[in-house]
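In what follows, a single structure is set out as structure tokens and then discussed.
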Amino acid sequence: MTDGPGMFSDPVKAKSSSKGGKIALIVVLVVAAVVLIAGATGWWLLTRTEHPTAAGQYVQLRLPQGASTDQIARMLSSYGVIRNSLRFQLDAKLSKKALRSGTYDLTTGMPDDLVIKTLSSAPVVTYVDVPIPEGFTAKQVARRFAARVGVSEDEMLSLVTSDAPQFAAKHPYLQGAAGDSLEGYLYPATYRIKKGTKPAAIVELMLEKFDAASAGLDLSYAKSKNLTLSDVVIIASILEREAKLAKDYPTIASVIYNRLHARMRLGLDSTIFYIVPEGTATLSKSDIWNMSPYNTYRHAGLPPGPISNPGIEALTAASHPSNTKYLYYVLTGKDGSQTFTVTYPEFLQAVKKYHAVFGN
């Protein structure tokens with residue numbers, strides 16, 4: 001009896017079907033693995049903390065005009081304000097709120113929704129840039145901050161001209177400052193000040209800037225001439241008022257050092273201008289005869305305190321002057337350049353040149 005058709009399955013077809021099922025299963029497993037890996041990777045990218053930072057630390061950020069959401073997110077993440085820039089961009093897009101440029105006070109570890117709410121409103125805090133040029137006096141500094149920030153001019157003026165003891169504990173060089181003035185130590189720079197900042201906080205900020213600038217000064221040469229940091233600041237403050245060009249700072253400083261060494265009076269107009277009424281254009285005979293200790297025509301040595309607030313170039317020159325034998329200098333160029341001389345007859349010739357250029 002022969003086997004009828006359909007009694008047994010074809011072994012070749014069964015084998016092929018089994019193989020196809022395995023391939024399908026493998027494909028399904030591979031796809032599932034890819035989806036799982038992609039999902040896990042995406043989740044990791046959206047939830048990882050990009051810049052681990054302790055929460056609650058103050059951060060002030062200035063978002064520039066025209067910054068994209070991506071740029072803002074990266075900035076916020078780099079400072080630790082948010083945990084994840086990609087997640088923040090997604091949250092910002094879903095919120096449909098526009099992020100605005102400006103300066104913001106934030107803290108590290110803020111929730112995305114709170115950051116978005118903050119950045120989509122106008123900055124609550126207003127900041128003012130206050131440029132303080134090299135050579136400004138303490139009175140000019142006080143007036144500038146009063147005008148730009150709105151602090152009390154009287155309070156600011158009192159602090160910078162007669163309240164050095166208040167800051168001397170943290171800044172020892174202020175102990176014994178002439179007239180308890182901060183003159184010389186109000187470091188010139190552009191300051192970003194929050195509206196409502198107290199005058200004492202502004203002064204402290206300026207003193208901290210001076211600390212940072214003066215920390216890099218090499219005072220070894222000055223000390224070899226028995227000069228202190230305070231003496232260097234006085235000389236630097238004179239340079240700011242005497243020199244028209246910064247390139248002349250080291251040479252004018254050498255004249256001051258040479259005169260001090262020779263026990264010659266400095267004879268500087270700038271130190272007298274410091275004590276006469278502001279706006280005085282020329283010195284009178286009575287000004288020259290004024291017996292104030294700031295009159296370097298009448299008193300030997302340095303004046304008792306600085307006459308302006310010097311920048312780093314003047315401070316550097318005052319601590320390390322050029323090596324010269326010059327004892328005199330005269331303004332002889334309309335560009336502000338000086339003629340330096342060793343002898344008095346040479347000085348008189350330079351004075352003639354001054355009159356030839358500027359008249360009588």
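To be explicit about the labels: the chains of the structure tokens are called A, B, and onward in the order shown, and within each one the residues are counted from 1, while ligands get numbers from 1 in the order they are shown.
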Could you pull out the strand (DSSP E or B) residues of region 157-331 of chain A, going by DSSP on the backbone, and write them as an MDAnalysis selection string? chainID A and resid 190:194 328:331
Residues within 6 Å of Gly336 (chain A), only C-alpha atoms, excluding chain neighbours under 2 positions, as a ChimeraX atom specification: /A:244,333-334
Please write the residues from the selection above to a file, keeping C-alpha atoms, as a short mmCIF file (atom, residue, chain, number, x, y, z; two decimals), in the first residue's frame.
data_model
loop_
_atom_site.label_atom_id
_atom_site.label_comp_id
_atom_site.auth_asym_id
_atom_site.auth_seq_id
_atom_site.Cartn_x
_atom_site.Cartn_y
_atom_site.Cartn_z
CA LYS A 244 49.76 112.93 28.80
CA GLY A 333 54.63 118.20 21.94
CA LYS A 334 51.01 118.88 21.06
#
Write out as number ranges by chain the set of residues from region 291-321 of chain A that DSSP, computed on the backbone, places in alpha helix (DSSP H). A: 312-319
May I ask which of the residues A:Met291, A:Thr339, A:Thr332, A:Phe167 is the closest one to Val357 (chain A), counting only C-alpha atoms? A:Thr332
Minimum-distance residue to Pro133 (chain A), chosen among A:Pro64, A:Pro293, A:Pro188, A:Gly359 (using only C-alpha atoms):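 Looking at the shortest contact to Pro133 (chain A), the residue is A:Pro188.
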Do you know which residues are at most 12 Å from region 190-203 of chain A counting only C-alpha atoms, after dropping those on the same chain fewer than 3 positions away, and could you put them as a VMD selection string? chain A and resid 60 62 103 to 105 123 to 134 138 141 to 161 163 to 164 166 to 167 171 181 to 183 185 to 187 206 to 210 311
If you measure from CA of Pro306 (chain A) to CA of Thr343 (chain A), what distance in Å do you get, rounded to one decimal?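 Atom-to-atom, CA of Pro306 (chain A) and CA of Thr343 (chain A) are spaced 27.9 Å apart.
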Do you have the CA of Glu278 (chain A)-CA of Asn290 (chain A) distance handy? 15.9 Å
Measuring between only C-alpha atoms, which one of A:Gln349, A:Thr49, A:Ser254, A:Ser337 shows the shortest distance to Lys325 (chain A)?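 Using only C-alpha atoms, Lys325 (chain A) sits closest to A:Ser254.
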